[in-house]
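What follows is a set of notes on a single structure, which appears directly below.
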Amino acid sequence: MPIFLGMGKALIALTFLAAATSGVPAATGAREVEYEITGTVHRANMTRKNADGSTAQIQVDVPYSDKFWAPPGTSLYLSVQKARITKKVDAINPYYILIDDGEEGTVHVLIRVGGKVLQEAEASAPYGIATASGVIPE
């Protein structure tokens with residue numbers, strides 16, 4: 001059975017559908033946040049504050065980028081440490097190869113809010129840590 005909506009209701013329904021499918025939280029004033037990691041290392045240990053306020057610690061491939069939406073006033077945090085990273089090569093006769101030594105190279109972190117740089121940092125020291133943080137402005 002077809003459903004007929006008045007022009008105003010149809011417009012509201014289409015607006016809601018567009019917001020729901022674009023990944024933008026409807027009517028919250030949320031801003032797009034991007035965490036970005038670049039540098040000359042291949043992998044690094046990352047600590048970050050997630051959109052829900054929780055903290056995650058994981059090892060990531062560099063370059064790395066992630067986007068999410070969060071409302072004004074949300075605290076943001078991205079910290080990356082250069083680390084010694086090895087990889088197991090053979091299961092039968094195991095040996096490891098060195099991916100990164102944690103001493104050479106650089107790591108750069110960047111937080112963008114609404115496409116604009118909020119804060120960035122870089123580390124080149126052995127086992128160096130680059131940390132960026134801030135609060136989403138109103």
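Residue numbering restarts at 1 for every chain of the structure tokens, chains are lettered A, B, ... in their displayed order, and ligands are numbered from 1 as they appear.
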
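Using only C-alpha atoms, the residues found no farther than 10 Å from A:Pro126, other than those of its own chain fewer than 5 positions away, are Gln81, Lys82, Ala83, Arg84, Asp101, Gly102, Glu103, Glu104, Gly105 and Thr106 of chain A.
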
#### Entry: Distance query stretch 29-37 of chain A at most 10 Å, only C-alpha atoms, self and fewer than 3 positions along chain excluded, as a ChimeraX atom specification
/A:23-26,44,46,48-49,51,60-74,76-80,107-118,120-122,130,132,136-138

Selected residues written out with C-alpha atoms, as a PDB file, in the first residue's frame:
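In the end it all went to again-v3.pdb:
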ATOM      1  CA  GLY A  23      27.192   9.748   9.036  1.00  0.00           C
ATOM      2  CA  VAL A  24      26.483  13.183  10.526  1.00  0.00           C
ATOM      3  CA  PRO A  25      24.565  13.080  13.809  1.00  0.00           C
ATOM      4  CA  ALA A  26      21.344  14.989  13.213  1.00  0.00           C
ATOM      5  CA  ALA A  44      53.770   2.827  16.059  1.00  0.00           C
ATOM      6  CA  MET A  46      48.982   4.770  19.571  1.00  0.00           C
ATOM      7  CA  ARG A  48      43.765   7.939  21.609  1.00  0.00           C
ATOM      8  CA  LYS A  49      40.536   9.222  23.051  1.00  0.00           C
ATOM      9  CA  ALA A  51      34.316   9.584  20.195  1.00  0.00           C
ATOM     10  CA  VAL A  60      48.847   0.932  14.044  1.00  0.00           C
ATOM     11  CA  ASP A  61      50.352   1.025  10.580  1.00  0.00           C
ATOM     12  CA  VAL A  62      51.749   4.415   9.590  1.00  0.00           C
ATOM     13  CA  PRO A  63      50.278   6.339   7.839  1.00  0.00           C
ATOM     14  CA  TYR A  64      47.027   6.155   9.827  1.00  0.00           C
ATOM     15  CA  SER A  65      43.865   8.223   9.659  1.00  0.00           C
ATOM     16  CA  ASP A  66      40.474   7.981  11.339  1.00  0.00           C
ATOM     17  CA  LYS A  67      37.438  10.264  11.326  1.00  0.00           C
ATOM     18  CA  PHE A  68      34.484  10.490  13.694  1.00  0.00           C
ATOM     19  CA  TRP A  69      31.877  13.012  14.843  1.00  0.00           C
ATOM     20  CA  ALA A  70      31.790  14.594  18.293  1.00  0.00           C
ATOM     21  CA  PRO A  71      30.001  17.574  19.869  1.00  0.00           C
ATOM     22  CA  PRO A  72      31.650  20.850  20.947  1.00  0.00           C
ATOM     23  CA  GLY A  73      33.352  20.600  24.339  1.00  0.00           C
ATOM     24  CA  THR A  74      34.619  17.051  23.693  1.00  0.00           C
ATOM     25  CA  LEU A  76      40.520  15.019  22.137  1.00  0.00           C
ATOM     26  CA  TYR A  77      43.828  13.212  22.640  1.00  0.00           C
ATOM     27  CA  LEU A  78      46.224  11.454  20.248  1.00  0.00           C
ATOM     28  CA  SER A  79      49.640  10.198  21.313  1.00  0.00           C
ATOM     29  CA  VAL A  80      52.018   8.002  19.314  1.00  0.00           C
ATOM     30  CA  VAL A 107      56.363  10.262  13.749  1.00  0.00           C
ATOM     31  CA  HIS A 108      53.926  13.144  13.303  1.00  0.00           C
ATOM     32  CA  VAL A 109      50.421  13.439  14.811  1.00  0.00           C
ATOM     33  CA  LEU A 110      47.674  15.846  13.821  1.00  0.00           C
ATOM     34  CA  ILE A 111      44.147  16.512  15.073  1.00  0.00           C
ATOM     35  CA  ARG A 112      41.732  18.317  12.741  1.00  0.00           C
ATOM     36  CA  VAL A 113      38.290  19.597  13.728  1.00  0.00           C
ATOM     37  CA  GLY A 114      35.973  20.632  10.917  1.00  0.00           C
ATOM     38  CA  GLY A 115      38.916  20.453   8.505  1.00  0.00           C
ATOM     39  CA  LYS A 116      41.061  22.894  10.523  1.00  0.00           C
ATOM     40  CA  VAL A 117      44.179  21.890  12.469  1.00  0.00           C
ATOM     41  CA  LEU A 118      43.506  21.892  16.215  1.00  0.00           C
ATOM     42  CA  GLU A 120      49.958  18.762  15.909  1.00  0.00           C
ATOM     43  CA  ALA A 121      53.290  17.416  17.146  1.00  0.00           C
ATOM     44  CA  GLU A 122      56.311  15.478  15.895  1.00  0.00           C
ATOM     45  CA  ALA A 130      54.348  12.866  19.703  1.00  0.00           C
ATOM     46  CA  ALA A 132      48.406  16.358  20.390  1.00  0.00           C
ATOM     47  CA  ILE A 136      36.389  20.848  20.209  1.00  0.00           C
ATOM     48  CA  PRO A 137      35.526  24.552  20.148  1.00  0.00           C
ATOM     49  CA  GLU A 138      31.965  25.875  20.320  1.00  0.00           C
TER      50      GLU A 138
END

#### Entry: Pairwise distance for atom CA of A:Gly128 and atom CA of A:Thr86, rounded to one decimal in Å
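Here the two named atoms are 17.7 Å from each other.
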
### Query
atom CA of A:Asn50 and atom CA of A:Thr131 are how many Å apart?
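Atom CA of A:Asn50 sits 15.0 Å away from atom CA of A:Thr131.
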
### Atomic distance atom CA of A:Asp100 - atom CA of A:Ile85, expressed in Å with one decimal
5.0 Å

### Message
Please extract the residues of stretch 54-112 of chain A with a backbone DSSP assignment of strand (DSSP E or B) and present them as a PyMOL selection string.
### Response
chain A and resi 55-61+64-70+75-82+84-88+96-101+107-112

Keeping N, CA and C atoms for every residue in the selection just given, could you write it to a file as a short mmCIF file (atom, residue, chain, number, x, y, z; two decimals), in the first residue's frame?
data_model
loop_
_atom_site.label_atom_id
_atom_site.label_comp_id
_atom_site.auth_asym_id
_atom_site.auth_seq_id
_atom_site.Cartn_x
_atom_site.Cartn_y
_atom_site.Cartn_z
N THR A 55 39.26 5.44 26.09
CA THR A 55 40.63 5.50 25.61
C THR A 55 41.02 4.16 25.02
N ALA A 56 41.73 4.19 23.89
CA ALA A 56 42.19 2.96 23.23
C ALA A 56 43.70 3.03 23.07
N GLN A 57 44.35 1.88 23.28
CA GLN A 57 45.79 1.76 23.05
C GLN A 57 46.00 0.60 22.09
N ILE A 58 46.50 0.91 20.89
CA ILE A 58 46.73 -0.13 19.89
C ILE A 58 47.97 0.20 19.07
N GLN A 59 48.47 -0.81 18.38
CA GLN A 59 49.58 -0.60 17.46
C GLN A 59 48.97 -0.41 16.07
N VAL A 60 49.42 0.62 15.34
CA VAL A 60 48.85 0.93 14.04
C VAL A 60 49.92 1.03 12.97
N ASP A 61 49.50 0.79 11.73
CA ASP A 61 50.35 1.02 10.58
C ASP A 61 50.41 2.53 10.33
N TYR A 64 48.30 6.54 9.21
CA TYR A 64 47.03 6.16 9.83
C TYR A 64 46.12 7.38 9.84
N SER A 65 44.84 7.14 9.61
CA SER A 65 43.86 8.22 9.66
C SER A 65 42.52 7.65 10.08
N ASP A 66 41.81 8.39 10.90
CA ASP A 66 40.47 7.98 11.34
C ASP A 66 39.63 9.23 11.55
N LYS A 67 38.36 9.14 11.15
CA LYS A 67 37.44 10.26 11.33
C LYS A 67 36.23 9.81 12.13
N PHE A 68 35.71 10.73 12.94
CA PHE A 68 34.48 10.49 13.69
C PHE A 68 33.84 11.83 13.99
N TRP A 69 32.63 11.79 14.52
CA TRP A 69 31.88 13.01 14.84
C TRP A 69 31.75 13.14 16.35
N ALA A 70 31.92 14.35 16.86
CA ALA A 70 31.79 14.59 18.29
C ALA A 70 31.30 16.03 18.51
N SER A 75 36.77 16.48 24.72
CA SER A 75 38.23 16.44 24.82
C SER A 75 38.79 15.46 23.81
N LEU A 76 39.86 15.85 23.14
CA LEU A 76 40.52 15.02 22.14
C LEU A 76 41.96 14.76 22.57
N TYR A 77 42.47 13.57 22.24
CA TYR A 77 43.83 13.21 22.64
C TYR A 77 44.36 12.17 21.66
N LEU A 78 45.55 12.40 21.15
CA LEU A 78 46.22 11.45 20.25
C LEU A 78 47.71 11.47 20.58
N SER A 79 48.23 10.31 20.95
CA SER A 79 49.64 10.20 21.31
C SER A 79 50.21 8.96 20.63
N VAL A 80 51.40 9.10 20.04
CA VAL A 80 52.02 8.00 19.31
C VAL A 80 53.48 7.90 19.73
N GLN A 81 53.90 6.67 19.99
CA GLN A 81 55.30 6.43 20.36
C GLN A 81 55.98 5.55 19.33
N LYS A 82 57.18 5.97 18.94
CA LYS A 82 58.02 5.12 18.10
C LYS A 82 58.41 3.91 18.93
N ARG A 84 60.10 -0.37 19.00
CA ARG A 84 60.79 -1.48 18.34
C ARG A 84 59.72 -2.48 17.93
N ILE A 85 59.59 -2.73 16.63
CA ILE A 85 58.55 -3.60 16.10
C ILE A 85 59.22 -4.73 15.31
N THR A 86 58.91 -5.96 15.68
CA THR A 86 59.41 -7.12 14.95
C THR A 86 58.23 -7.95 14.43
N LYS A 87 58.53 -8.80 13.47
CA LYS A 87 57.49 -9.65 12.89
C LYS A 87 58.01 -11.08 12.80
N LYS A 88 57.19 -12.03 13.28
CA LYS A 88 57.54 -13.45 13.20
C LYS A 88 57.35 -13.88 11.75
N TYR A 96 62.57 -13.73 13.50
CA TYR A 96 61.91 -12.43 13.46
C TYR A 96 62.70 -11.46 12.59
N ILE A 97 61.96 -10.60 11.91
CA ILE A 97 62.61 -9.52 11.17
C ILE A 97 62.25 -8.20 11.85
N LEU A 98 63.15 -7.26 11.75
CA LEU A 98 62.94 -5.95 12.35
C LEU A 98 62.15 -5.06 11.40
N ILE A 99 61.00 -4.57 11.86
CA ILE A 99 60.18 -3.65 11.07
C ILE A 99 60.61 -2.21 11.36
N ASP A 100 60.67 -1.85 12.63
CA ASP A 100 61.15 -0.55 13.08
C ASP A 100 62.00 -0.76 14.33
N ASP A 101 63.09 0.02 14.44
CA ASP A 101 63.96 -0.15 15.60
C ASP A 101 63.58 0.75 16.77
N VAL A 107 57.80 10.48 13.70
CA VAL A 107 56.36 10.26 13.75
C VAL A 107 55.71 11.62 13.98
N HIS A 108 54.62 11.86 13.26
CA HIS A 108 53.93 13.14 13.30
C HIS A 108 52.45 12.88 13.55
N VAL A 109 51.85 13.58 14.52
CA VAL A 109 50.42 13.44 14.81
C VAL A 109 49.72 14.77 14.56
N LEU A 110 48.45 14.66 14.17
CA LEU A 110 47.67 15.85 13.82
C LEU A 110 46.21 15.59 14.18
N ILE A 111 45.59 16.57 14.81
CA ILE A 111 44.15 16.51 15.07
C ILE A 111 43.50 17.65 14.30
N ARG A 112 42.52 17.31 13.47
CA ARG A 112 41.73 18.32 12.74
C ARG A 112 40.30 18.30 13.26
#
